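Colleague: Following this line is target.cif, made up of mmCIF, C-alpha atoms and all ligand atoms:
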```
data_structure
loop_
_atom_site.label_atom_id
_atom_site.label_comp_id
_atom_site.auth_asym_id
_atom_site.auth_seq_id
_atom_site.Cartn_x
_atom_site.Cartn_y
_atom_site.Cartn_z
CA MET Q 144 0.00 0.00 0.00
CA THR Q 145 1.33 3.47 -0.83
CA LYS Q 146 1.51 5.90 2.05
CA VAL Q 147 -1.69 7.84 2.53
CA ARG Q 148 -2.76 11.28 3.69
CA ALA Q 149 -4.96 10.57 6.67
CA ALA Q 150 -7.27 12.42 9.04
CA VAL Q 151 -8.55 11.33 12.42
CA VAL Q 152 -11.62 12.93 14.00
CA GLY Q 153 -11.58 12.97 17.80
CA GLY Q 154 -8.84 13.73 20.30
CA GLY Q 155 -9.80 11.16 22.90
CA ILE Q 156 -7.43 8.30 23.66
CA VAL Q 157 -8.64 6.17 20.73
CA GLY Q 158 -8.30 8.94 18.13
CA VAL Q 159 -4.86 10.01 19.28
CA ALA Q 160 -3.69 6.37 19.44
CA VAL Q 161 -4.95 5.85 15.86
CA ALA Q 162 -3.15 8.99 14.64
CA ARG Q 163 0.05 7.77 16.27
CA GLU Q 164 -0.27 4.24 14.88
CA LEU Q 165 -0.88 5.54 11.35
CA LEU Q 166 2.45 7.39 11.58
CA VAL Q 167 4.65 4.92 13.46
CA SER Q 168 3.48 1.97 11.36
CA GLY Q 169 4.41 3.90 8.22
CA THR Q 170 0.86 3.61 6.85
CA ALA Q 171 0.38 7.36 6.53
CA ALA Q 172 2.78 9.96 5.27
CA GLU Q 173 0.75 12.76 6.83
CA VAL Q 174 -1.82 12.74 9.63
CA THR Q 175 -4.13 15.54 10.76
CA LEU Q 176 -6.10 15.07 13.96
CA TYR Q 177 -9.22 17.20 14.54
CA GLU Q 178 -10.48 17.75 18.08
CA LYS Q 179 -13.44 20.05 18.67
CA GLU Q 180 -12.54 20.94 22.27
CA PRO Q 181 -9.69 23.28 23.26
CA GLN Q 182 -7.88 20.34 24.85
CA LEU Q 183 -7.45 16.60 24.30
CA ALA Q 184 -9.26 13.99 26.43
CA SER Q 185 -12.13 16.31 27.36
CA HIS Q 186 -14.85 13.66 27.27
CA GLN Q 187 -14.83 9.91 28.12
CA THR Q 188 -11.03 9.68 28.24
CA GLY Q 189 -10.68 12.40 30.87
CA ARG Q 190 -13.72 11.34 32.90
CA ASN Q 191 -13.36 7.63 33.56
CA SER Q 192 -12.23 5.36 36.41
CA GLY Q 193 -8.61 5.23 35.26
CA VAL Q 194 -8.45 1.45 35.54
CA VAL Q 195 -6.14 -0.59 33.34
CA HIS Q 196 -8.34 -3.64 33.02
CA ALA Q 197 -6.56 -6.99 32.93
CA GLY Q 198 -9.23 -8.72 30.78
CA LEU Q 199 -11.27 -10.65 33.34
CA TYR Q 200 -14.80 -10.40 32.01
CA TYR Q 201 -14.64 -10.40 28.25
CA GLU Q 202 -16.06 -13.04 25.92
CA PRO Q 203 -13.08 -15.16 24.76
CA GLY Q 204 -12.56 -14.75 21.03
CA GLY Q 205 -14.13 -11.27 20.97
CA LEU Q 206 -12.27 -8.08 20.17
CA LYS Q 207 -12.49 -6.87 23.77
CA ALA Q 208 -10.70 -9.96 25.09
CA ALA Q 209 -7.90 -9.81 22.53
CA LEU Q 210 -7.40 -6.05 22.37
CA CYS Q 211 -7.58 -5.54 26.13
CA ARG Q 212 -4.69 -7.95 26.79
CA ARG Q 213 -2.62 -6.52 23.92
CA GLY Q 214 -3.55 -2.98 25.01
CA VAL Q 215 -2.21 -3.52 28.54
CA GLY Q 216 1.24 -4.42 27.20
CA LEU Q 217 1.34 -1.45 24.84
CA LEU Q 218 0.17 0.89 27.60
CA GLN Q 219 2.89 -0.36 29.95
CA GLU Q 220 5.56 0.38 27.32
CA LEU Q 221 4.18 3.85 26.62
CA THR Q 222 3.75 4.86 30.27
CA ALA Q 223 7.29 3.68 31.06
CA ARG Q 224 8.78 5.49 28.04
CA ARG Q 225 6.86 8.75 28.59
CA HIS Q 226 6.97 8.67 32.42
CA VAL Q 227 3.19 8.56 32.87
CA PRO Q 228 2.21 7.22 36.31
CA TYR Q 229 1.12 3.55 36.29
CA ASP Q 230 0.36 1.61 39.48
CA GLU Q 231 -0.30 -2.15 39.56
CA CYS Q 232 -2.45 -1.81 42.68
CA GLY Q 233 -4.45 -5.02 42.08
CA LYS Q 234 -8.18 -5.73 42.10
CA VAL Q 235 -10.52 -7.95 44.08
CA VAL Q 236 -13.97 -8.99 42.84
CA VAL Q 237 -15.87 -9.87 46.00
CA ALA Q 238 -18.49 -12.63 46.28
CA ARG Q 239 -20.87 -12.15 49.21
CA ASP Q 240 -22.74 -15.46 48.99
CA GLU Q 241 -22.78 -18.83 47.21
CA THR Q 242 -24.80 -17.50 44.25
CA GLU Q 243 -22.23 -14.80 43.59
CA LEU Q 244 -19.42 -17.28 44.12
CA ALA Q 245 -20.81 -19.53 41.38
CA ARG Q 246 -20.89 -16.54 39.00
CA LEU Q 247 -17.39 -15.52 40.07
CA ARG Q 248 -16.03 -18.98 39.14
CA VAL Q 249 -17.34 -18.44 35.61
CA ILE Q 250 -15.45 -15.11 35.46
CA PHE Q 251 -12.33 -16.85 36.82
CA ASP Q 252 -12.48 -19.46 34.03
CA ARG Q 253 -12.94 -16.69 31.49
CA ALA Q 254 -9.97 -14.76 32.91
CA LEU Q 255 -7.80 -17.89 32.59
CA THR Q 256 -8.95 -18.40 28.99
CA ASN Q 257 -8.14 -14.76 28.26
CA GLY Q 258 -4.61 -15.26 29.62
CA VAL Q 259 -4.87 -12.79 32.51
CA PRO Q 260 -1.61 -13.18 34.47
CA GLY Q 261 -1.57 -14.08 38.15
CA VAL Q 262 -5.34 -14.23 38.56
CA ARG Q 263 -6.56 -16.57 41.32
CA MET Q 264 -9.47 -17.30 43.64
CA ILE Q 265 -8.82 -16.34 47.27
CA ASP Q 266 -10.67 -17.12 50.50
CA ALA Q 267 -12.09 -14.66 53.02
CA ALA Q 268 -8.87 -14.68 55.09
CA GLU Q 269 -6.69 -13.71 52.12
CA LEU Q 270 -9.24 -11.10 51.06
CA ALA Q 271 -8.93 -9.61 54.55
CA ARG Q 272 -5.13 -9.41 54.12
CA ILE Q 273 -5.38 -7.64 50.72
CA GLU Q 274 -8.39 -5.41 51.47
CA PRO Q 275 -8.94 -5.44 55.27
CA HIS Q 276 -12.22 -3.49 55.06
CA ALA Q 277 -13.90 -5.59 52.34
CA ARG Q 278 -16.31 -8.35 53.37
CA GLY Q 279 -17.10 -11.45 51.35
CA ILE Q 280 -16.98 -15.24 51.49
CA ALA Q 281 -14.35 -15.36 48.71
CA ALA Q 282 -12.95 -13.21 45.93
CA LEU Q 283 -11.17 -13.27 42.64
CA TYR Q 284 -7.79 -11.52 42.90
CA SER Q 285 -6.15 -9.93 39.89
CA PRO Q 286 -2.75 -8.63 41.06
CA THR Q 287 -1.85 -6.99 37.72
CA THR Q 288 -4.98 -4.85 37.31
CA ALA Q 289 -3.61 -1.32 37.43
CA ILE Q 290 -4.49 2.37 37.43
CA THR Q 291 -3.18 5.24 35.34
CA ASP Q 292 -4.08 8.75 34.17
CA TYR Q 293 -5.67 8.35 30.73
CA ALA Q 294 -5.63 12.10 29.99
CA ALA Q 295 -1.86 12.06 30.58
CA VAL Q 296 -1.56 8.92 28.42
CA THR Q 297 -3.44 10.76 25.64
CA ARG Q 298 -1.10 13.75 25.87
CA ALA Q 299 1.88 11.37 25.71
CA LEU Q 300 0.45 9.71 22.59
CA ALA Q 301 -0.05 13.19 21.09
CA GLU Q 302 3.62 14.00 21.72
CA ASP Q 303 4.49 10.91 19.65
CA VAL Q 304 2.15 12.19 16.91
CA THR Q 305 3.68 15.64 16.70
CA GLU Q 306 7.25 14.28 16.97
CA ALA Q 307 6.48 12.01 13.99
CA GLY Q 308 5.29 15.03 11.98
CA GLY Q 309 1.51 14.77 12.58
CA ARG Q 310 -0.72 17.79 13.14
CA VAL Q 311 -3.03 18.04 16.15
CA LEU Q 312 -5.71 20.69 15.60
CA LEU Q 313 -7.59 21.70 18.75
CA GLY Q 314 -10.88 23.61 18.74
CA GLN Q 315 -11.66 22.26 15.24
CA GLU Q 316 -15.06 20.62 15.01
CA VAL Q 317 -15.61 18.44 11.96
CA THR Q 318 -19.04 19.20 10.56
CA GLY Q 319 -19.01 17.00 7.48
CA MET Q 320 -17.16 14.21 5.68
CA HIS Q 321 -17.80 13.46 2.03
CA ASP Q 322 -16.37 10.57 0.02
CA ASP Q 323 -16.31 11.49 -3.69
CA GLY Q 324 -15.18 8.01 -4.75
CA THR Q 325 -11.48 8.74 -4.76
CA ARG Q 326 -10.85 10.96 -1.75
CA VAL Q 327 -12.67 12.22 1.34
CA SER Q 328 -13.21 15.90 2.03
CA VAL Q 329 -13.37 16.85 5.69
CA VAL Q 330 -15.14 20.07 6.58
CA SER Q 331 -14.20 21.86 9.79
CA GLY Q 332 -14.10 25.39 11.16
CA SER Q 333 -10.92 26.05 9.19
CA GLY Q 334 -12.49 25.03 5.85
CA ALA Q 335 -12.32 21.82 3.82
CA ALA Q 336 -9.34 19.51 3.29
CA THR Q 337 -9.07 16.25 1.37
CA PHE Q 338 -7.62 12.95 2.54
CA ASP Q 339 -7.14 9.38 1.29
CA LEU Q 340 -8.30 7.93 4.61
CA VAL Q 341 -10.42 9.28 7.48
CA VAL Q 342 -11.00 7.55 10.81
CA ASN Q 343 -14.00 8.64 12.88
CA CYS Q 344 -13.15 8.36 16.60
CA ALA Q 345 -15.71 10.91 17.78
CA GLY Q 346 -16.95 8.92 20.81
CA LEU Q 347 -20.28 10.36 21.98
CA GLN Q 348 -20.82 11.96 18.54
CA SER Q 349 -19.54 9.05 16.45
CA ASP Q 350 -22.93 7.81 15.15
CA ARG Q 351 -23.91 11.31 14.00
CA LEU Q 352 -20.66 11.78 12.15
CA ALA Q 353 -20.98 8.29 10.64
CA LYS Q 354 -24.48 9.09 9.40
CA ALA Q 355 -23.35 12.46 8.03
CA SER Q 356 -20.69 10.63 6.00
CA GLY Q 357 -23.28 8.32 4.44
CA ASP Q 358 -22.90 5.35 6.82
CA SER Q 359 -25.76 3.71 8.73
CA ALA Q 360 -27.44 5.61 11.57
CA ASN Q 361 -27.24 2.37 13.61
CA PRO Q 362 -26.01 1.36 16.06
CA ARG Q 363 -27.06 4.57 17.81
CA ILE Q 364 -25.13 6.17 20.66
CA VAL Q 365 -27.23 6.39 23.82
CA PRO Q 366 -25.46 8.40 26.54
CA PHE Q 367 -25.43 6.84 30.01
CA PHE Q 368 -23.84 8.97 32.71
CA GLY Q 369 -21.81 7.58 35.58
CA ALA Q 370 -21.60 9.66 38.76
CA TYR Q 371 -18.82 9.24 41.32
CA PHE Q 372 -18.30 10.17 44.94
CA LEU Q 373 -14.85 10.65 46.48
CA LEU Q 374 -13.83 9.37 49.90
CA ARG Q 375 -12.85 12.07 52.36
CA PRO Q 376 -9.05 12.03 52.84
CA GLU Q 377 -9.29 10.58 56.37
CA ARG Q 378 -11.33 7.59 55.06
CA ARG Q 379 -9.09 6.68 52.10
CA SER Q 380 -7.53 3.95 54.22
CA LEU Q 381 -10.72 1.90 53.71
CA VAL Q 382 -9.45 0.88 50.28
CA ASN Q 383 -5.99 -0.28 49.14
CA GLY Q 384 -6.65 -0.89 45.45
CA LEU Q 385 -9.75 -1.76 43.48
CA ILE Q 386 -12.79 -3.44 45.05
CA TYR Q 387 -15.55 -4.62 42.70
CA PRO Q 388 -18.82 -6.50 43.12
CA VAL Q 389 -19.58 -9.64 41.11
CA PRO Q 390 -21.50 -8.38 38.06
CA ASP Q 391 -25.19 -9.27 38.17
CA PRO Q 392 -26.35 -10.61 34.80
CA ARG Q 393 -29.75 -8.93 35.30
CA TYR Q 394 -28.09 -5.52 34.97
CA PRO Q 395 -26.27 -4.19 31.91
CA PHE Q 396 -23.53 -2.27 33.79
CA LEU Q 397 -20.94 -3.45 36.35
CA GLY Q 398 -22.38 -1.84 39.47
CA VAL Q 399 -20.85 0.70 41.86
CA HIS Q 400 -17.28 -0.13 42.84
CA LEU Q 401 -14.40 1.40 44.80
CA THR Q 402 -11.45 2.56 42.77
CA LYS Q 403 -8.15 4.03 43.80
CA ARG Q 404 -7.17 6.89 41.52
CA ILE Q 405 -3.59 7.53 40.48
CA ASP Q 406 -3.51 10.81 42.50
CA GLY Q 407 -4.46 8.89 45.66
CA GLU Q 408 -8.18 9.79 45.70
CA ILE Q 409 -10.62 6.89 46.18
CA MET Q 410 -13.65 6.98 43.91
CA VAL Q 411 -16.98 5.31 44.64
CA GLY Q 412 -19.02 4.67 41.48
CA PRO Q 413 -19.97 4.93 38.73
CA ASN Q 414 -23.69 4.25 38.65
CA ALA Q 415 -25.41 4.26 35.23
CA PHE Q 416 -28.46 6.21 34.10
CA LEU Q 417 -29.67 7.95 30.96
CA ALA Q 418 -27.88 11.31 30.63
CA GLY Q 419 -29.73 14.57 29.92
CA GLY Q 420 -27.41 15.09 26.96
CA ARG Q 421 -24.39 13.52 25.30
CA GLU Q 422 -22.04 16.01 26.93
CA ALA Q 423 -24.32 17.18 29.77
CA TYR Q 424 -22.05 16.74 32.78
CA ASN Q 425 -24.11 19.01 35.04
CA ALA Q 426 -26.74 16.85 36.77
CA LEU Q 427 -29.53 19.30 35.90
CA ALA Q 428 -28.57 19.98 32.28
CA LEU Q 429 -30.97 18.81 29.57
CA VAL Q 430 -30.04 19.03 25.89
CA PRO Q 431 -33.24 19.03 23.78
CA ARG Q 432 -31.55 17.73 20.59
CA ASP Q 433 -29.98 14.77 22.43
CA LEU Q 434 -33.12 13.94 24.39
CA ALA Q 435 -35.21 14.08 21.21
CA ALA Q 436 -32.76 11.67 19.54
CA VAL Q 437 -33.20 9.17 22.39
CA ALA Q 438 -36.98 9.61 22.53
CA GLY Q 439 -37.26 9.08 18.79
CA PHE Q 440 -35.16 5.90 18.82
CA GLY Q 441 -37.33 2.78 19.15
CA GLY Q 442 -34.32 0.78 20.35
CA PHE Q 443 -34.12 2.87 23.51
CA TRP Q 444 -37.74 2.12 24.46
CA ARG Q 445 -37.20 -1.59 23.85
CA PHE Q 446 -34.08 -1.42 26.05
CA ALA Q 447 -35.98 0.48 28.76
CA ALA Q 448 -38.87 -1.99 28.75
CA GLY Q 449 -36.45 -4.90 29.16
CA ASN Q 450 -34.43 -3.27 31.95
CA ILE Q 451 -36.96 -1.97 34.45
CA PRO Q 452 -35.26 -3.56 37.52
CA ALA Q 453 -31.95 -1.97 36.45
CA ALA Q 454 -33.62 1.42 35.95
CA ILE Q 455 -35.14 1.20 39.45
CA ARG Q 456 -31.83 0.16 41.03
CA GLU Q 457 -29.80 2.84 39.26
CA GLY Q 458 -32.56 5.45 39.62
CA ARG Q 459 -32.41 5.07 43.40
CA THR Q 460 -28.67 5.79 43.31
CA VAL Q 461 -29.34 8.91 41.23
CA LEU Q 462 -31.93 10.29 43.63
CA SER Q 463 -30.34 9.30 46.93
CA ARG Q 464 -26.74 9.47 48.08
CA LYS Q 465 -27.68 6.95 50.78
CA ALA Q 466 -28.82 4.42 48.15
CA PHE Q 467 -25.63 5.04 46.14
CA ILE Q 468 -23.37 4.43 49.14
CA GLU Q 469 -25.44 1.41 50.26
CA ALA Q 470 -24.47 -0.30 46.99
CA ALA Q 471 -20.81 -0.05 48.00
CA ARG Q 472 -21.48 -0.74 51.70
CA ALA Q 473 -22.68 -4.18 50.64
CA TYR Q 474 -19.03 -5.22 50.42
CA VAL Q 475 -17.26 -2.44 52.40
CA PRO Q 476 -19.62 -2.19 55.42
CA GLU Q 477 -17.68 0.53 57.27
CA LEU Q 478 -18.39 3.03 54.49
CA GLY Q 479 -20.89 5.71 55.50
CA VAL Q 480 -22.74 8.50 53.72
CA ALA Q 481 -20.73 11.07 55.71
CA ASP Q 482 -17.47 9.61 54.34
CA VAL Q 483 -17.96 10.90 50.79
CA VAL Q 484 -18.15 14.12 48.80
CA PRO Q 485 -19.46 14.40 45.22
CA GLY Q 486 -16.96 13.69 42.44
CA ARG Q 487 -17.26 14.40 38.77
CA ARG Q 488 -19.37 12.62 36.19
CA GLY Q 489 -18.48 10.75 33.06
CA ILE Q 490 -20.79 9.90 30.17
CA ARG Q 491 -20.49 6.59 28.35
CA ALA Q 492 -20.87 6.52 24.55
CA GLN Q 493 -22.84 3.27 24.57
CA ALA Q 494 -23.92 1.93 21.18
CA MET Q 495 -27.40 0.42 21.06
CA ASN Q 496 -29.04 -1.69 18.36
CA PRO Q 497 -32.55 -0.96 17.01
CA ASP Q 498 -33.77 -4.10 18.86
CA GLY Q 499 -32.78 -2.47 22.17
CA SER Q 500 -29.72 -4.63 22.86
CA LEU Q 501 -26.54 -2.93 24.01
CA VAL Q 502 -23.59 -3.50 21.71
CA ASP Q 503 -21.08 -5.28 23.90
CA ASP Q 504 -17.93 -5.67 21.83
CA PHE Q 505 -15.82 -3.01 20.15
CA VAL Q 506 -17.25 -2.29 16.70
CA ILE Q 507 -15.31 -0.79 13.82
CA THR Q 508 -17.03 -0.51 10.45
CA GLY Q 509 -16.44 1.37 7.28
CA SER Q 510 -15.42 1.57 3.70
CA LYS Q 511 -12.12 1.77 1.87
CA ARG Q 512 -11.68 5.44 2.71
CA ILE Q 513 -13.69 6.05 5.91
CA LEU Q 514 -13.40 3.86 9.00
CA GLN Q 515 -15.81 4.41 11.87
CA VAL Q 516 -15.32 3.45 15.52
CA ARG Q 517 -18.97 2.73 16.35
CA ASN Q 518 -18.52 1.31 19.85
CA ALA Q 519 -15.52 1.70 22.14
CA PRO Q 520 -16.83 1.46 25.72
CA SER Q 521 -14.83 0.17 28.69
CA PRO Q 522 -12.15 -1.28 28.47
CA GLY Q 523 -11.66 1.11 25.53
CA ALA Q 524 -9.04 3.24 27.28
CA THR Q 525 -7.05 0.17 28.34
CA SER Q 526 -7.30 -1.25 24.81
CA SER Q 527 -6.80 2.03 22.92
CA MET Q 528 -3.37 1.33 21.43
CA ALA Q 529 -4.42 -2.17 20.40
CA ILE Q 530 -7.66 -0.80 18.90
CA ALA Q 531 -5.41 1.56 16.94
CA GLU Q 532 -3.31 -1.34 15.64
CA HIS Q 533 -6.50 -3.17 14.65
CA ILE Q 534 -7.88 -0.13 12.79
CA VAL Q 535 -4.65 0.55 10.96
CA GLY Q 536 -4.55 -3.15 10.03
CA LEU Q 537 -8.04 -2.81 8.53
CA ALA Q 538 -6.98 0.33 6.64
CA GLY Q 539 -3.97 -1.51 5.24
CA ARG Q 540 -6.17 -4.33 3.89
CA ASN Q 541 -8.32 -1.95 1.84
C1 LIG Q 601 -17.70 6.62 33.56
C2 LIG Q 601 -16.72 5.87 32.70
C3 LIG Q 601 -15.78 5.02 33.29
C4 LIG Q 601 -14.88 4.30 32.48
N1 LIG Q 601 -13.89 3.58 33.07
C5 LIG Q 601 -12.94 3.01 32.29
C6 LIG Q 601 -11.81 2.38 32.88
O1 LIG Q 601 -11.63 2.41 34.09
N2 LIG Q 601 -10.92 1.77 32.06
C7 LIG Q 601 -11.09 1.75 30.70
O2 LIG Q 601 -10.26 1.13 30.01
N3 LIG Q 601 -12.12 2.37 30.12
C8 LIG Q 601 -13.02 3.03 30.88
N4 LIG Q 601 -14.04 3.70 30.31
C9 LIG Q 601 -14.15 3.71 28.84
C10 LIG Q 601 -13.14 4.70 28.23
O3 LIG Q 601 -13.18 5.93 28.87
C11 LIG Q 601 -13.47 4.83 26.74
O4 LIG Q 601 -13.47 3.54 26.17
C12 LIG Q 601 -12.44 5.68 26.00
O5 LIG Q 601 -12.17 6.89 26.68
C13 LIG Q 601 -12.97 5.98 24.61
O6 LIG Q 601 -12.10 6.91 23.99
P1 LIG Q 601 -12.54 7.66 22.69
O7 LIG Q 601 -11.34 8.36 22.19
O8 LIG Q 601 -13.25 6.70 21.80
O9 LIG Q 601 -13.70 8.66 23.16
P2 LIG Q 601 -13.62 10.12 23.84
O10 LIG Q 601 -12.62 10.18 24.90
O11 LIG Q 601 -15.01 10.47 24.20
O12 LIG Q 601 -13.10 11.04 22.66
C14 LIG Q 601 -13.86 11.42 21.56
C15 LIG Q 601 -13.40 12.79 21.14
O13 LIG Q 601 -14.00 13.16 19.91
C16 LIG Q 601 -14.22 14.56 19.94
N5 LIG Q 601 -15.22 14.88 18.93
C17 LIG Q 601 -16.52 14.50 18.89
N6 LIG Q 601 -17.12 14.96 17.79
C18 LIG Q 601 -16.18 15.67 17.10
C19 LIG Q 601 -16.21 16.39 15.89
N7 LIG Q 601 -17.31 16.47 15.14
N8 LIG Q 601 -15.07 17.02 15.47
C20 LIG Q 601 -13.93 16.92 16.21
N9 LIG Q 601 -13.86 16.26 17.39
C21 LIG Q 601 -14.97 15.62 17.83
C22 LIG Q 601 -14.69 14.79 21.36
O14 LIG Q 601 -14.57 16.15 21.75
C23 LIG Q 601 -13.79 13.86 22.15
O15 LIG Q 601 -12.62 14.50 22.61
C24 LIG Q 601 -14.95 4.42 31.07
C25 LIG Q 601 -15.88 5.29 30.50
C26 LIG Q 601 -16.74 6.03 31.29
C27 LIG Q 601 -17.66 7.01 30.65
#
```
Give the structure from the file, written as structure tokens.
Ligand SMILES: Cc1cc2nc3c(=O)[nH]c(=O)nc-3n(C[C@H](O)[C@H](O)[C@H](O)COP(=O)(O)OP(=O)(O)OC[C@H]3O[C@@H](n4cnc5c(N)ncnc54)[C@H](O)[C@@H]3O)c2cc1C

Modeller:
Amino acid sequence: MTKVRAAVVGGGIVGVAVARELLVSGTAAEVTLYEKEPQLASHQTGRNSGVVHAGLYYEPGGLKAALCRRGVGLLQELTARRHVPYDECGKVVVARDETELARLRVIFDRALTNGVPGVRMIDAAELARIEPHARGIAALYSPTTAITDYAAVTRALAEDVTEAGGRVLLGQEVTGMHDDGTRVSVVSGSGAATFDLVVNCAGLQSDRLAKASGDSANPRIVPFFGAYFLLRPERRSLVNGLIYPVPDPRYPFLGVHLTKRIDGEIMVGPNAFLAGGREAYNALALVPRDLAAVAGFGGFWRFAAGNIPAAIREGRTVLSRKAFIEAARAYVPELGVADVVPGRRGIRAQAMNPDGSLVDDFVITGSKRILQVRNAPSPGATSSMAIAEHIVGLAGRN
């Protein structure tokens, strides 16, 4: 393949990793990255839990399983080379009863199949040694699950891009992409430019941009916010690393957990509920265009009808701090409502099918000249550099 002129839309971790991979792999001679915000990592990448997932939960054979494991290795190299903080603090997934323990054994088998290093089942006594304030009858222990600062990782990736001759344009919203059969014109605030290859990594806006470029409107992005609380400094000793519940198959999201952040803060969360807008981080903000898009999407109503218990559970955590903290108290009983202060929110770009099912795996679609990242939820930050390799591999095959 001859070297191409490429553009990437979106300066989150996936977009910047793709821009970098296009250059370092030698696929592109020139790369221009468009980011609509004045700084990189302003949306999902800068508002997540900061966990470097080890690959415990993911369906073996799927993209998530493969790209998460590969992504961890690439992330370790990058953080070491660019001096970005990375802490292998370890994670426990706590089973409170025999039902949860049976489900946890399934996750353990999956983790082994996915090649997660060092993972093992531990009893209550060992759990007490690793996380003295957690309570359960047993747990799965993943010693290599880590934490990092994904905004800092994104800036480090961007340094690689600019050092390799790429251009990072901030404050440049892409408003249109048009494939004329030989090249793609990209329209932004600074006018139009043409490219051989364009990769849409626009996260919460990715379906809209895909549709504007002539691709399918589906799967649709439905924004689900995740709120966090932070432990008061004097209560941070309740948690050493990462403490998670056993996921309940009746609910589509993981459930509130306790996460150490790389700056030493301990986060409690995130819950999951429909956001008032794709980028509406203020709890009271409502964005009419985004709400109308959800209301007019039959898939959302089918999802809602099939997930009433989840909506009730999560809705309680939205309305009541007590209910939110109770979810975490179930496995860290000493935690109290007075121990936390509100943290900031993130909003997940969750792709949903017209039948109301959530798209679980990473999804990349597209044509010879335009590739679209249609679903990159968690562990998307962990997997970002491997997602980039995958995308550039697809581009090279066209
Ligand atoms: C609450 C929460 C917790 C999470 N926890 C974890 C975790 O612990 N570990 C993990 O691995 N993953 C986690 N994730 C998932 C992870 O954050 C995402 O997978 C990852 O950040 C996706 O990166 P992205 O670049 O695709 O999207 P984003 O970071 O959202 O970036 C998309 C970018 O595109 C830009 N953009 C949009 N439209 C345009 C346009 N028209 N023109 C130009 N620019 C545009 C946006 O401004 C944005 O900067 C979490 C996500 C959330 C929301």

Colleague: Interatomic distance between atom CA of Arg213 of chain Q and atom CA of Gly233 of chain Q?

Modeller: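 Atom CA of Gly233 of chain Q lies at a distance of 18.3 Å from atom CA of Arg213 of chain Q.
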
Colleague: Between atom CA of Pro366 of chain Q and atom CA of Val535 of chain Q, what distance in Å does the model show, to one decimal?

Modeller: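 Taking atom CA of Pro366 of chain Q as the start and atom CA of Val535 of chain Q as the end point, the length is 27.2 Å.
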
Colleague: Which residues are near Thr256 of chain Q? Cut-off 10 Å, all atoms listed in the file, ignore same chain within fewer than 3 positions. Put them as number ranges by chain.

Modeller: Q: 198-199, 201-204, 208, 250-253, 259

Colleague: From the options Q:Ala418, Q:Ala271, Q:Leu537, Q:Ala466, which residue's atoms come nearest to Ile386 of chain Q, counting all atoms listed in the file?

Modeller: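 The answer is Q:Ala271, which sits nearest to Ile386 of chain Q.
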
Colleague: Given the choices Q:Leu427, Q:Leu244, Q:Val235, Q:Cys211, which gets closest to Asn383 of chain Q if the distance is worked out from only C-alpha atoms?

Modeller: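 Result for the nearest residue to Asn383 of chain Q: Q:Val235.
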
Colleague: Point out the residue among Q:Arg246, Q:Arg404, Q:Arg393, Q:Arg310 with the least atom-to-atom distance to Arg456 of chain Q, counting only C-alpha atoms.

Modeller: Q:Arg393

Colleague: Between atom CA of Gln219 of chain Q and atom CA of His400 of chain Q, what distance in Å does the model show, to one decimal?

Modeller: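 Separation of atom CA of Gln219 of chain Q and atom CA of His400 of chain Q: 23.9 Å.
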
Colleague: For a cutoff of 8 Å around the file-coordinate point (-28.3, 14.5, 29.1), which residues qualify once you count all atoms listed in the file? I'd like the result as a list in words.

Modeller: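 Counting all atoms listed in the file, I find these residues within 8 Å of (-28.3, 14.5, 29.1): Pro366, Phe368, Leu417, Ala418, Gly419, Gly420, Arg421, Glu422, Ala423, Tyr424, Ala428, Leu429, Val430, Asp433 and Leu434 of chain Q.
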
Colleague: Looking at only C-alpha atoms, which of Q:Gly412, Q:Pro497, Q:Thr175, Q:Pro181 is the one that sits closest to Ile468 of chain Q?

Modeller: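 Smallest distance to Ile468 of chain Q is found for Q:Gly412.
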
Colleague: Need the neighbours of (-13.6, 7.0, 5.1): which residues are at most 9 Å away, counting only C-alpha atoms, as JSON, numbers by chain?

Modeller: {"Q": [320, 321, 322, 326, 327, 338, 339, 340, 341, 342, 343, 356, 509, 510, 511, 512, 513, 514, 515]}

Colleague: Please list as a VMD selection string every residue within 9 Å of segment 448-450 of chain Q, counting all atoms listed in the file and excluding residues in the same chain fewer than 5 positions away.

Modeller: chain Q and resid 393 to 395 443 455 499

Colleague: Skipping near chain neighbours, those fewer than 3 positions away, what residues fall within 7 Å of Ala277 of chain Q using only C-alpha atoms, listed as a VMD selection string?

Modeller: chain Q and resid 271 274 474 to 475

Colleague: If you count only C-alpha atoms, which residues fall within 10 Å of Leu165 of chain Q, apart from same-chain ones fewer than 6 positions away, as a list in words?

Modeller: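 Listing them by chain and then by number gives Lys146, Val147, Arg148, Ala149, Ala150, Val151, Val159, Ala171, Ala172, Glu173, Val174, Val304, Gly309, Ala531, Glu532, Ile534, Val535, Gly536, Ala538 and Gly539 of chain Q.
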
Colleague: Which is closer to Leu300 of chain Q than all the others in Q:Leu313, Q:Met495, Q:Val237, Q:Val161, using all atoms listed in the file?

Modeller: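 Checking each candidate against Leu300 of chain Q, we get Q:Val161 as the closest.
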